[in-house]
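Colleague: A single structure is presented below for examination.
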Amino acid sequence: MCSMASFKQHCAFGFWKASLMKDKTLTENARSESSMGHLGRITSLRDLPSDKKMISYIKEAASLNDAGVKVKKAPLSAVKKNLKAPKDLMSALKRNAHAITTFEQFSYSNKKEYIQWITEAKTARTRENRIATAVEWMAEGKVRNWKYLKK
């Protein structure tokens, strides 16, 4: 129902459903998505609301949870950006029939993971190594993060 983050010089406190709470300050801070939490930057006890107010916030947050109230999430965009695979990746894939078939059958997300991994390489050598690894893995039918899949 709430979260707290502590740092060397300050802490932050927020409510998961602050946008649904009655207090205008909390709802405005929730709309702005301030990185300092819904109570602002807390550097001392003076920065906290009164005990009475804090208790009312906590009770309200608990009642929202108990009632099963959900925060409406922004809808995900149904439009997927057009993926453009790098030429060097495509030419390497075309030299391996299994790899190109796997790549073409991948979902949008699987293709995107490989493309991002390769295009984020900072040096040409790293990019070449990643392309070689990608072709090898795709020839075996593996997605980019295959090591982390549950067996």
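Please note that chains go A, B, ... in the order of the structure tokens, that every chain numbers its residues from 1, and that ligands are numbered from 1 in the order shown.
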Considering only C-alpha atoms, return as an mmCIF file with C-alpha atoms, in the first residue's frame whatever protein or nucleic-acid residues lie within 12 Å of Thr27 in chain A, sequence-local ones (same chain, fewer than 6 positions apart) excluded.
Modeller:
data_model
loop_
_atom_site.group_PDB
_atom_site.id
_atom_site.type_symbol
_atom_site.label_atom_id
_atom_site.label_comp_id
_atom_site.auth_asym_id
_atom_site.auth_seq_id
_atom_site.Cartn_x
_atom_site.Cartn_y
_atom_site.Cartn_z
ATOM 1 C CA GLY A 14 4.767 7.273 -1.374
ATOM 2 C CA PHE A 15 1.459 5.490 -1.641
ATOM 3 C CA TRP A 16 0.763 3.015 -4.422
ATOM 4 C CA LYS A 17 -2.733 4.386 -4.930
ATOM 5 C CA ALA A 18 -2.027 8.058 -4.148
ATOM 6 C CA SER A 19 -3.820 9.128 -7.332
ATOM 7 C CA LEU A 20 -7.053 7.730 -5.853
ATOM 8 C CA MET A 21 -6.698 9.216 -2.384
ATOM 9 C CA GLU A 33 5.120 11.359 -10.664
ATOM 10 C CA SER A 34 7.719 13.189 -8.641
ATOM 11 C CA GLY A 37 7.597 10.312 -3.539
ATOM 12 C CA HIS A 38 4.203 11.728 -2.701
ATOM 13 C CA LEU A 39 5.361 13.509 0.458
ATOM 14 C CA TYR A 57 -3.291 8.478 4.876
#
Colleague: What's around range 109-121 of chain A at 8 Å? Count only C-alpha atoms, leave out sequence neighbours fewer than 6 positions away in its own chain, and write the answer as a PyMOL selection string.
Modeller: chain A and resi 83+85-86+103+127+130-131+134+143-144
Colleague: With C-alpha atoms kept, could you save the residues just selected as a short mmCIF file (atom, residue, chain, number, x, y, z; two decimals), in the first residue's frame?
Modeller:
data_model
loop_
_atom_site.label_atom_id
_atom_site.label_comp_id
_atom_site.auth_asym_id
_atom_site.auth_seq_id
_atom_site.Cartn_x
_atom_site.Cartn_y
_atom_site.Cartn_z
CA LEU A 83 11.62 -2.95 -36.66
CA ALA A 85 17.12 -5.14 -38.69
CA PRO A 86 20.68 -3.96 -39.42
CA PHE A 103 14.49 -15.00 -36.87
CA ARG A 127 28.98 -5.75 -32.73
CA ARG A 130 27.28 -10.20 -30.97
CA ILE A 131 26.15 -10.89 -34.53
CA ALA A 134 23.15 -14.19 -32.35
CA VAL A 143 15.67 -16.42 -28.06
CA ARG A 144 18.03 -13.66 -26.92
#
Colleague: Can you list, as a PyMOL selection string, every protein, DNA or RNA residue that comes within 9 Å of Arg41 in chain A when you count only C-alpha atoms, leaving out same-chain residues fewer than 6 positions away?
Modeller: chain A and resi 10-13+35+47
Colleague: Could you take the residues named above and write them with C-alpha atoms, as a PDB file, in the first residue's frame?
Modeller:
ATOM      1  CA  HIS A  10      17.023  12.077   2.652  1.00  0.00           C
ATOM      2  CA  CYS A  11      14.213   9.592   2.207  1.00  0.00           C
ATOM      3  CA  ALA A  12      11.040   9.411   0.143  1.00  0.00           C
ATOM      4  CA  PHE A  13       7.628   8.015   0.978  1.00  0.00           C
ATOM      5  CA  SER A  35      10.802  11.102  -7.995  1.00  0.00           C
ATOM      6  CA  ASP A  47       9.137  17.279   6.690  1.00  0.00           C
TER       7      ASP A  47
END
Colleague: Where in chain A does DSSP assign strand (DSSP E or B), given as a CSV table (one decimal) with C-alpha atoms, in the first residue's frame?
Modeller:
chain,number,residue,atom,x,y,z
A,2,CYS,CA,3.0,2.3,0.4
A,3,SER,CA,6.7,2.4,-0.2
A,4,MET,CA,9.7,4.1,1.3
A,5,ALA,CA,13.2,4.7,-0.1
A,6,SER,CA,16.1,5.9,2.0
A,11,CYS,CA,14.2,9.6,2.2
A,12,ALA,CA,11.0,9.4,0.1
A,13,PHE,CA,7.6,8.0,1.0
A,14,GLY,CA,4.8,7.3,-1.4
A,15,PHE,CA,1.5,5.5,-1.6
A,37,GLY,CA,7.6,10.3,-3.5
A,42,ILE,CA,12.1,14.1,3.5
Colleague: Could you name the residues that touch Ile100 in chain A at 9 Å or less, counting only C-alpha atoms, but leaving out those on the same chain fewer than 4 positions away, as a list in words?
Modeller: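 Selected residues are Met90, Ala92, Leu93, Lys94, Arg95, Asn96, Glu104, Gln105, Val135, Met138 and Ala139 of chain A.
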